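Participant: Have a look at the structure that comes next, please.
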Amino acid sequence: MQRMKQVLWVALMAAGLAGASAFAADRTERVTLGEGTTTLKGHVTGYDSVQYSLTAQPGQQLLIRLATSNPSNYLNVERSGMAEAVCQGALTGNTCSVRAETAADYVVDVFLMRNAARRGEQAEYTLSIEHGSAQPGPSAGAARDAAAKEAAAAAVAACKSALALKSGVNAVFVLPLSHVAAAGGYEVFLSLKGAQWLCTTDPRGNVNRVEQR
């Protein structure tokens with residue numbers, strides 16, 4: 001009996017280690033902006049991601065570009081303290097222009113989209129960050145409002161496209177209350193041929209589900 005318990009314990013430990021290896025290996029790197037352009041090279045595999053953290057000064061303009069070997073490799077730019085990404089590379093061709101209205105910490109998240117990650121695909125990429133001198137700009141509140149509106153509009157557009165693809169009908173409309181923030185993403189309320197639909201997105205702007213209400 002004791003021998004059987006030992007064998008069972010070893011088997012459970014091995015299964016646990018195997019399961020742990022399937023989790024994403026997220027890596028964080030701190031970036032210090034110098035003069036001109038900062039260039040970073042790296043790679044991601046499957047559900048891995050690399051998160052580059054940096055600090056921008058008040059009024060500083062950042063131009064962030066991702067060149068990659070895999071068309072399913074994207075970047076998101078997130079600002080500390082905000083639930084939604086201020087820029088989603090999947091919607092902007094992997095080029096993000098960000099203006100820091102106040103001193104702020106940003107994270108550039110480089111990852112593979114879910115379909116490619118599920119297949120265990122890889123990507124070699126070059127991330128470039130151009131940064132100009134700090135200039136005075138509008139208030140931080142106005143910047144947050146603008147970023148939130150941009151993220152919400154992107155979520156609505158993604159959901160309309162997903163429902164049109166699912167139904168084969170392009171005449172998709174949003175309800176008067178078009179969206180609410182939820183779980184870091186959005187719930188988007190749509191109408192198709194008189195029926196109401198609910199679409200949810202995650203913090204990266206991916207559509208999680210589309211279902212009739």
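For the structure tokens, the naming scheme is as follows: chains receive sequential letters (A, B, ...) according to their order of presentation, residues are indexed from 1 within each chain, and ligands are indexed from 1 in presentation order.
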Near range 73-78 of chain A, within 10 Å and counting only C-alpha atoms, which residues show up once chain neighbours fewer than 6 positions away are dropped, as a PDB file with N, CA, C and O atoms, in the first residue's frame?
Facilitator:
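What follows is the written file out_9.pdb:
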```pdb
ATOM      1  N   HIS A  43      11.092  37.544 -29.452  1.00  0.00           N
ATOM      2  CA  HIS A  43      10.245  36.519 -30.055  1.00  0.00           C
ATOM      3  C   HIS A  43       9.207  36.059 -29.035  1.00  0.00           C
ATOM      4  O   HIS A  43       9.416  36.161 -27.826  1.00  0.00           O
ATOM      5  N   VAL A  44       8.096  35.579 -29.542  1.00  0.00           N
ATOM      6  CA  VAL A  44       7.049  34.996 -28.707  1.00  0.00           C
ATOM      7  C   VAL A  44       6.622  33.674 -29.330  1.00  0.00           C
ATOM      8  O   VAL A  44       6.688  33.497 -30.551  1.00  0.00           O
ATOM      9  N   THR A  45       6.173  32.761 -28.476  1.00  0.00           N
ATOM     10  CA  THR A  45       5.703  31.449 -28.917  1.00  0.00           C
ATOM     11  C   THR A  45       4.398  31.136 -28.199  1.00  0.00           C
ATOM     12  O   THR A  45       4.297  31.306 -26.978  1.00  0.00           O
ATOM     13  N   SER A  49       3.862  36.139 -23.926  1.00  0.00           N
ATOM     14  CA  SER A  49       3.827  37.552 -24.288  1.00  0.00           C
ATOM     15  C   SER A  49       5.014  38.243 -23.640  1.00  0.00           C
ATOM     16  O   SER A  49       5.578  37.750 -22.663  1.00  0.00           O
ATOM     17  N   VAL A  50       5.408  39.364 -24.228  1.00  0.00           N
ATOM     18  CA  VAL A  50       6.468  40.192 -23.657  1.00  0.00           C
ATOM     19  C   VAL A  50       5.876  41.567 -23.394  1.00  0.00           C
ATOM     20  O   VAL A  50       5.258  42.162 -24.282  1.00  0.00           O
ATOM     21  N   GLN A  51       6.060  42.050 -22.188  1.00  0.00           N
ATOM     22  CA  GLN A  51       5.497  43.335 -21.788  1.00  0.00           C
ATOM     23  C   GLN A  51       6.638  44.299 -21.472  1.00  0.00           C
ATOM     24  O   GLN A  51       7.412  44.067 -20.546  1.00  0.00           O
ATOM     25  N   TYR A  52       6.718  45.360 -22.285  1.00  0.00           N
ATOM     26  CA  TYR A  52       7.757  46.368 -22.119  1.00  0.00           C
ATOM     27  C   TYR A  52       7.166  47.555 -21.359  1.00  0.00           C
ATOM     28  O   TYR A  52       6.212  48.187 -21.826  1.00  0.00           O
ATOM     29  N   SER A  53       7.720  47.855 -20.200  1.00  0.00           N
ATOM     30  CA  SER A  53       7.231  48.980 -19.400  1.00  0.00           C
ATOM     31  C   SER A  53       8.153  50.178 -19.591  1.00  0.00           C
ATOM     32  O   SER A  53       9.373  50.036 -19.674  1.00  0.00           O
ATOM     33  N   ILE A  64       5.052  54.092 -31.759  1.00  0.00           N
ATOM     34  CA  ILE A  64       5.459  52.712 -31.471  1.00  0.00           C
ATOM     35  C   ILE A  64       5.061  51.833 -32.649  1.00  0.00           C
ATOM     36  O   ILE A  64       3.898  51.820 -33.065  1.00  0.00           O
ATOM     37  N   ARG A  65       6.035  51.106 -33.186  1.00  0.00           N
ATOM     38  CA  ARG A  65       5.783  50.247 -34.346  1.00  0.00           C
ATOM     39  C   ARG A  65       6.283  48.833 -34.063  1.00  0.00           C
ATOM     40  O   ARG A  65       7.314  48.644 -33.414  1.00  0.00           O
ATOM     41  N   LEU A  66       5.543  47.851 -34.601  1.00  0.00           N
ATOM     42  CA  LEU A  66       5.935  46.446 -34.480  1.00  0.00           C
ATOM     43  C   LEU A  66       6.081  45.859 -35.876  1.00  0.00           C
ATOM     44  O   LEU A  66       5.131  45.847 -36.659  1.00  0.00           O
ATOM     45  N   ALA A  67       7.295  45.383 -36.207  1.00  0.00           N
ATOM     46  CA  ALA A  67       7.544  44.644 -37.443  1.00  0.00           C
ATOM     47  C   ALA A  67       7.733  43.182 -37.052  1.00  0.00           C
ATOM     48  O   ALA A  67       8.526  42.876 -36.153  1.00  0.00           O
ATOM     49  N   GLU A  84      -8.727  49.919 -20.169  1.00  0.00           N
ATOM     50  CA  GLU A  84      -8.671  49.584 -21.584  1.00  0.00           C
ATOM     51  C   GLU A  84      -7.343  50.023 -22.191  1.00  0.00           C
ATOM     52  O   GLU A  84      -6.722  50.988 -21.738  1.00  0.00           O
ATOM     53  N   ALA A  85      -6.925  49.297 -23.218  1.00  0.00           N
ATOM     54  CA  ALA A  85      -5.717  49.681 -23.943  1.00  0.00           C
ATOM     55  C   ALA A  85      -5.949  51.022 -24.639  1.00  0.00           C
ATOM     56  O   ALA A  85      -7.034  51.284 -25.159  1.00  0.00           O
ATOM     57  N   VAL A  86      -4.926  51.871 -24.666  1.00  0.00           N
ATOM     58  CA  VAL A  86      -5.054  53.154 -25.357  1.00  0.00           C
ATOM     59  C   VAL A  86      -4.827  52.988 -26.854  1.00  0.00           C
ATOM     60  O   VAL A  86      -5.181  53.866 -27.642  1.00  0.00           O
ATOM     61  N   CYS A  87      -4.240  51.865 -27.250  1.00  0.00           N
ATOM     62  CA  CYS A  87      -4.063  51.576 -28.673  1.00  0.00           C
ATOM     63  C   CYS A  87      -3.993  50.070 -28.862  1.00  0.00           C
ATOM     64  O   CYS A  87      -3.312  49.379 -28.105  1.00  0.00           O
ATOM     65  N   GLN A  88      -4.715  49.558 -29.864  1.00  0.00           N
ATOM     66  CA  GLN A  88      -4.717  48.136 -30.185  1.00  0.00           C
ATOM     67  C   GLN A  88      -4.129  47.955 -31.578  1.00  0.00           C
ATOM     68  O   GLN A  88      -4.706  48.393 -32.571  1.00  0.00           O
ATOM     69  N   GLY A  89      -2.978  47.294 -31.638  1.00  0.00           N
ATOM     70  CA  GLY A  89      -2.281  47.139 -32.903  1.00  0.00           C
ATOM     71  C   GLY A  89      -3.078  46.412 -33.962  1.00  0.00           C
ATOM     72  O   GLY A  89      -2.888  46.641 -35.157  1.00  0.00           O
ATOM     73  N   ALA A  90      -3.992  45.525 -33.545  1.00  0.00           N
ATOM     74  CA  ALA A  90      -4.812  44.795 -34.510  1.00  0.00           C
ATOM     75  C   ALA A  90      -5.710  45.734 -35.305  1.00  0.00           C
ATOM     76  O   ALA A  90      -6.151  45.403 -36.404  1.00  0.00           O
ATOM     77  N   LEU A  91      -5.993  46.912 -34.747  1.00  0.00           N
ATOM     78  CA  LEU A  91      -6.866  47.879 -35.407  1.00  0.00           C
ATOM     79  C   LEU A  91      -6.094  48.996 -36.093  1.00  0.00           C
ATOM     80  O   LEU A  91      -6.679  49.773 -36.855  1.00  0.00           O
ATOM     81  N   THR A  92      -4.787  49.091 -35.822  1.00  0.00           N
ATOM     82  CA  THR A  92      -4.003  50.226 -36.333  1.00  0.00           C
ATOM     83  C   THR A  92      -2.807  49.790 -37.166  1.00  0.00           C
ATOM     84  O   THR A  92      -1.909  50.597 -37.417  1.00  0.00           O
ATOM     85  N   GLY A  93      -2.780  48.518 -37.583  1.00  0.00           N
ATOM     86  CA  GLY A  93      -1.649  48.053 -38.377  1.00  0.00           C
ATOM     87  C   GLY A  93      -0.355  47.989 -37.600  1.00  0.00           C
ATOM     88  O   GLY A  93       0.731  48.168 -38.157  1.00  0.00           O
ATOM     89  N   ASN A  94      -0.458  47.721 -36.292  1.00  0.00           N
ATOM     90  CA  ASN A  94       0.716  47.607 -35.414  1.00  0.00           C
ATOM     91  C   ASN A  94       1.550  48.888 -35.364  1.00  0.00           C
ATOM     92  O   ASN A  94       2.767  48.847 -35.178  1.00  0.00           O
ATOM     93  N   THR A  95       0.880  50.028 -35.513  1.00  0.00           N
ATOM     94  CA  THR A  95       1.521  51.329 -35.329  1.00  0.00           C
ATOM     95  C   THR A  95       0.664  52.143 -34.371  1.00  0.00           C
ATOM     96  O   THR A  95      -0.526  52.339 -34.620  1.00  0.00           O
ATOM     97  N   CYS A  96       1.253  52.593 -33.278  1.00  0.00           N
ATOM     98  CA  CYS A  96       0.506  53.330 -32.266  1.00  0.00           C
ATOM     99  C   CYS A  96       1.181  54.669 -31.993  1.00  0.00           C
ATOM    100  O   CYS A  96       2.387  54.724 -31.741  1.00  0.00           O
ATOM    101  N   SER A  97       0.392  55.719 -32.042  1.00  0.00           N
ATOM    102  CA  SER A  97       0.871  57.054 -31.696  1.00  0.00           C
ATOM    103  C   SER A  97       0.201  57.462 -30.387  1.00  0.00           C
ATOM    104  O   SER A  97      -1.025  57.519 -30.304  1.00  0.00           O
ATOM    105  N   VAL A  98       1.006  57.721 -29.377  1.00  0.00           N
ATOM    106  CA  VAL A  98       0.489  58.008 -28.039  1.00  0.00           C
ATOM    107  C   VAL A  98       1.117  59.301 -27.539  1.00  0.00           C
ATOM    108  O   VAL A  98       2.335  59.480 -27.621  1.00  0.00           O
ATOM    109  N   ASP A 105       3.157  55.948 -16.778  1.00  0.00           N
ATOM    110  CA  ASP A 105       3.773  54.660 -17.089  1.00  0.00           C
ATOM    111  C   ASP A 105       2.920  53.938 -18.126  1.00  0.00           C
ATOM    112  O   ASP A 105       1.691  53.876 -18.005  1.00  0.00           O
ATOM    113  N   TYR A 106       3.588  53.395 -19.132  1.00  0.00           N
ATOM    114  CA  TYR A 106       2.917  52.649 -20.188  1.00  0.00           C
ATOM    115  C   TYR A 106       3.504  51.241 -20.263  1.00  0.00           C
ATOM    116  O   TYR A 106       4.654  51.013 -19.886  1.00  0.00           O
ATOM    117  N   VAL A 107       2.698  50.317 -20.774  1.00  0.00           N
ATOM    118  CA  VAL A 107       3.156  48.957 -21.054  1.00  0.00           C
ATOM    119  C   VAL A 107       2.833  48.643 -22.509  1.00  0.00           C
ATOM    120  O   VAL A 107       1.693  48.821 -22.953  1.00  0.00           O
ATOM    121  N   VAL A 108       3.846  48.209 -23.248  1.00  0.00           N
ATOM    122  CA  VAL A 108       3.655  47.742 -24.619  1.00  0.00           C
ATOM    123  C   VAL A 108       3.636  46.215 -24.564  1.00  0.00           C
ATOM    124  O   VAL A 108       4.646  45.581 -24.249  1.00  0.00           O
ATOM    125  N   ASP A 109       2.482  45.644 -24.840  1.00  0.00           N
ATOM    126  CA  ASP A 109       2.263  44.199 -24.724  1.00  0.00           C
ATOM    127  C   ASP A 109       2.357  43.572 -26.114  1.00  0.00           C
ATOM    128  O   ASP A 109       1.579  43.913 -27.010  1.00  0.00           O
ATOM    129  N   VAL A 110       3.316  42.672 -26.318  1.00  0.00           N
ATOM    130  CA  VAL A 110       3.519  42.001 -27.605  1.00  0.00           C
ATOM    131  C   VAL A 110       3.075  40.550 -27.459  1.00  0.00           C
ATOM    132  O   VAL A 110       3.554  39.839 -26.569  1.00  0.00           O
ATOM    133  N   PHE A 111       2.182  40.092 -28.333  1.00  0.00           N
ATOM    134  CA  PHE A 111       1.568  38.775 -28.148  1.00  0.00           C
ATOM    135  C   PHE A 111       1.083  38.226 -29.487  1.00  0.00           C
ATOM    136  O   PHE A 111       1.035  38.947 -30.492  1.00  0.00           O
ATOM    137  N   LEU A 112       0.719  36.948 -29.478  1.00  0.00           N
ATOM    138  CA  LEU A 112       0.084  36.309 -30.626  1.00  0.00           C
ATOM    139  C   LEU A 112      -1.424  36.240 -30.392  1.00  0.00           C
ATOM    140  O   LEU A 112      -1.869  35.977 -29.272  1.00  0.00           O
ATOM    141  N   MET A 113      -2.196  36.463 -31.445  1.00  0.00           N
ATOM    142  CA  MET A 113      -3.641  36.323 -31.329  1.00  0.00           C
ATOM    143  C   MET A 113      -3.992  34.885 -30.961  1.00  0.00           C
ATOM    144  O   MET A 113      -3.216  33.950 -31.185  1.00  0.00           O
ATOM    145  N   ARG A 114      -5.182  34.724 -30.407  1.00  0.00           N
ATOM    146  CA  ARG A 114      -5.566  33.450 -29.804  1.00  0.00           C
ATOM    147  C   ARG A 114      -5.471  32.278 -30.773  1.00  0.00           C
ATOM    148  O   ARG A 114      -5.025  31.195 -30.415  1.00  0.00           O
ATOM    149  N   ALA A 116      -3.514  31.816 -33.391  1.00  0.00           N
ATOM    150  CA  ALA A 116      -2.117  31.445 -33.628  1.00  0.00           C
ATOM    151  C   ALA A 116      -1.481  30.876 -32.365  1.00  0.00           C
ATOM    152  O   ALA A 116      -0.686  29.928 -32.428  1.00  0.00           O
ATOM    153  N   ALA A 117      -1.819  31.439 -31.212  1.00  0.00           N
ATOM    154  CA  ALA A 117      -1.273  30.933 -29.947  1.00  0.00           C
ATOM    155  C   ALA A 117      -1.705  29.495 -29.714  1.00  0.00           C
ATOM    156  O   ALA A 117      -0.918  28.654 -29.256  1.00  0.00           O
ATOM    157  N   GLU A 121       2.213  28.747 -32.645  1.00  0.00           N
ATOM    158  CA  GLU A 121       3.037  29.451 -33.623  1.00  0.00           C
ATOM    159  C   GLU A 121       4.075  30.338 -32.927  1.00  0.00           C
ATOM    160  O   GLU A 121       3.968  30.634 -31.736  1.00  0.00           O
ATOM    161  N   GLN A 122       5.070  30.775 -33.710  1.00  0.00           N
ATOM    162  CA  GLN A 122       6.131  31.630 -33.199  1.00  0.00           C
ATOM    163  C   GLN A 122       6.189  32.917 -34.018  1.00  0.00           C
ATOM    164  O   GLN A 122       5.689  32.975 -35.143  1.00  0.00           O
ATOM    165  N   ALA A 123       6.807  33.927 -33.447  1.00  0.00           N
ATOM    166  CA  ALA A 123       7.001  35.190 -34.162  1.00  0.00           C
ATOM    167  C   ALA A 123       8.316  35.815 -33.724  1.00  0.00           C
ATOM    168  O   ALA A 123       8.622  35.868 -32.533  1.00  0.00           O
ATOM    169  N   GLU A 124       9.093  36.258 -34.701  1.00  0.00           N
ATOM    170  CA  GLU A 124      10.276  37.077 -34.446  1.00  0.00           C
ATOM    171  C   GLU A 124       9.881  38.521 -34.765  1.00  0.00           C
ATOM    172  O   GLU A 124       9.303  38.786 -35.817  1.00  0.00           O
ATOM    173  N   TYR A 125      10.194  39.445 -33.878  1.00  0.00           N
ATOM    174  CA  TYR A 125       9.713  40.807 -34.087  1.00  0.00           C
ATOM    175  C   TYR A 125      10.776  41.843 -33.733  1.00  0.00           C
ATOM    176  O   TYR A 125      11.739  41.568 -33.014  1.00  0.00           O
ATOM    177  N   LEU A 127      10.554  45.781 -32.268  1.00  0.00           N
ATOM    178  CA  LEU A 127       9.709  46.837 -31.714  1.00  0.00           C
ATOM    179  C   LEU A 127      10.515  48.130 -31.690  1.00  0.00           C
ATOM    180  O   LEU A 127      11.612  48.175 -31.129  1.00  0.00           O
ATOM    181  N   PRO A 203      -9.808  42.658 -22.624  1.00  0.00           N
ATOM    182  CA  PRO A 203      -9.012  43.893 -22.566  1.00  0.00           C
ATOM    183  C   PRO A 203      -8.147  44.136 -23.794  1.00  0.00           C
ATOM    184  O   PRO A 203      -7.727  45.266 -24.036  1.00  0.00           O
ATOM    185  N   ARG A 204      -7.867  43.081 -24.563  1.00  0.00           N
ATOM    186  CA  ARG A 204      -7.053  43.247 -25.763  1.00  0.00           C
ATOM    187  C   ARG A 204      -7.885  43.555 -27.000  1.00  0.00           C
ATOM    188  O   ARG A 204      -7.364  43.672 -28.098  1.00  0.00           O
ATOM    189  N   GLY A 205      -9.196  43.658 -26.821  1.00  0.00           N
ATOM    190  CA  GLY A 205     -10.056  43.973 -27.950  1.00  0.00           C
ATOM    191  C   GLY A 205     -10.538  42.768 -28.726  1.00  0.00           C
ATOM    192  O   GLY A 205     -11.226  42.909 -29.738  1.00  0.00           O
TER     193      GLY A 205
END
```
Participant: I'd like to know which residues of range 99-202 of chain A are helix (DSSP H, G or I) (by DSSP, run on the backbone); could you write them as a PyMOL selection string?
Facilitator: chain A and resi 114-118+140-167
Participant: Would you mind telling me which residue in A:Ser178, A:Thr32, A:Ser161, A:Gln212 lies nearest to Gly194 in chain A when using only C-alpha atoms?
Facilitator: A:Gln212
Participant: Name all residues at most 6 Å from range 208-210 of chain A (count only C-alpha atoms; drop same-chain ones fewer than 3 positions away) and give them as a PDB file with N, CA, C and O atoms, in the first residue's frame.
Facilitator:
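Once written, out.pdb looks like this:
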```pdb
ATOM      1  N   LEU A 198     -25.879  40.213 -27.835  1.00  0.00           N
ATOM      2  CA  LEU A 198     -24.864  40.663 -26.883  1.00  0.00           C
ATOM      3  C   LEU A 198     -23.501  40.171 -27.353  1.00  0.00           C
ATOM      4  O   LEU A 198     -23.329  38.997 -27.675  1.00  0.00           O
ATOM      5  N   CYS A 199     -22.545  41.088 -27.380  1.00  0.00           N
ATOM      6  CA  CYS A 199     -21.171  40.753 -27.751  1.00  0.00           C
ATOM      7  C   CYS A 199     -20.254  41.219 -26.628  1.00  0.00           C
ATOM      8  O   CYS A 199     -20.430  42.315 -26.087  1.00  0.00           O
ATOM      9  N   THR A 200     -19.269  40.401 -26.256  1.00  0.00           N
ATOM     10  CA  THR A 200     -18.316  40.799 -25.220  1.00  0.00           C
ATOM     11  C   THR A 200     -16.902  40.767 -25.793  1.00  0.00           C
ATOM     12  O   THR A 200     -16.570  39.925 -26.629  1.00  0.00           O
ATOM     13  N   THR A 201     -16.071  41.709 -25.327  1.00  0.00           N
ATOM     14  CA  THR A 201     -14.672  41.762 -25.736  1.00  0.00           C
ATOM     15  C   THR A 201     -13.780  41.706 -24.503  1.00  0.00           C
ATOM     16  O   THR A 201     -14.202  42.052 -23.400  1.00  0.00           O
TER      17      THR A 201
END
```
Participant: Pick out the residues sitting within 9 Å of Ala162 in chain A, and hand them over as an mmCIF file with N, CA and C atoms, in the first residue's frame; count only C-alpha atoms, and ignore anything fewer than 3 positions along from it in its own chain.
Facilitator:
```cif
data_model
loop_
_atom_site.group_PDB
_atom_site.id
_atom_site.type_symbol
_atom_site.label_atom_id
_atom_site.label_comp_id
_atom_site.auth_asym_id
_atom_site.auth_seq_id
_atom_site.Cartn_x
_atom_site.Cartn_y
_atom_site.Cartn_z
ATOM 1 N N ALA A 157 -16.951 48.345 -33.159
ATOM 2 C CA ALA A 157 -16.651 47.969 -34.544
ATOM 3 C C ALA A 157 -16.303 46.489 -34.649
ATOM 4 N N ALA A 158 -15.508 45.981 -33.692
ATOM 5 C CA ALA A 158 -15.128 44.569 -33.718
ATOM 6 C C ALA A 158 -16.352 43.671 -33.546
ATOM 7 N N CYS A 159 -17.264 44.066 -32.660
ATOM 8 C CA CYS A 159 -18.464 43.258 -32.418
ATOM 9 C C CYS A 159 -19.400 43.273 -33.621
ATOM 10 N N LEU A 165 -20.136 38.592 -39.651
ATOM 11 C CA LEU A 165 -19.486 37.370 -40.124
ATOM 12 C C LEU A 165 -20.265 36.139 -39.683
ATOM 13 N N LYS A 166 -20.767 36.153 -38.461
ATOM 14 C CA LYS A 166 -21.504 35.009 -37.914
ATOM 15 C C LYS A 166 -22.832 34.797 -38.638
ATOM 16 N N SER A 167 -23.506 35.912 -38.965
ATOM 17 C CA SER A 167 -24.851 35.824 -39.538
ATOM 18 C C SER A 167 -24.865 35.871 -41.057
ATOM 19 N N CYS A 199 -22.545 41.088 -27.380
ATOM 20 C CA CYS A 199 -21.171 40.753 -27.751
ATOM 21 C C CYS A 199 -20.254 41.219 -26.628
ATOM 22 N N VAL A 207 -12.920 39.655 -29.543
ATOM 23 C CA VAL A 207 -14.316 39.301 -29.291
ATOM 24 C C VAL A 207 -14.358 37.941 -28.607
ATOM 25 N N ARG A 209 -17.414 36.451 -27.224
ATOM 26 C CA ARG A 209 -18.602 35.701 -27.626
ATOM 27 C C ARG A 209 -19.633 36.651 -28.216
ATOM 28 N N VAL A 210 -20.496 36.084 -29.058
ATOM 29 C CA VAL A 210 -21.619 36.811 -29.642
ATOM 30 C C VAL A 210 -22.827 35.902 -29.518
#
```
Participant: Nearest to Ala100 in chain A: which of A:Gln57, A:Gln196, A:Ser128, A:Ser72 is it, counting only C-alpha atoms?
Facilitator: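 Smallest distance to Ala100 in chain A is found for A:Gln57.
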Participant: Would you mind writing down, as a count of residues only, each residue of range 26-128 of chain A that DSSP on the backbone assigns to strand (DSSP E)?
Facilitator: 62
Participant: Could you tell me which of A:Trp197, A:Ile129, A:Leu54, A:Arg119 comes closest to Lys41 in chain A if we count only C-alpha atoms?
Facilitator: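 Using only C-alpha atoms, Lys41 in chain A sits closest to A:Ile129.
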Participant: Go ahead and compute the interatomic distance for CA of Thr102 in chain A and CA of Thr37 in chain A, in Å to one decimal.
Facilitator: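 That distance, rounded to one decimal, is 20.7 Å.
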Participant: Could you work out how far CA of Ala181 in chain A lies from CA of Ala148 in chain A, giving the answer in Å with one decimal?
Facilitator: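 For CA of Ala148 in chain A relative to CA of Ala181 in chain A, the distance reads 9.7 Å.
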Participant: Can you list, as an NGL selection string, every protein, DNA or RNA residue that comes within 7 Å of Gly132 in chain A when you count only C-alpha atoms, leaving out same-chain residues fewer than 3 positions away?
Facilitator: :A and (60-62)
Participant: Could you state the separation of CA of Val172 in chain A and CA of Gly185 in chain A in Å, given to one decimal place?
Facilitator: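 The value is 20.4 Å.
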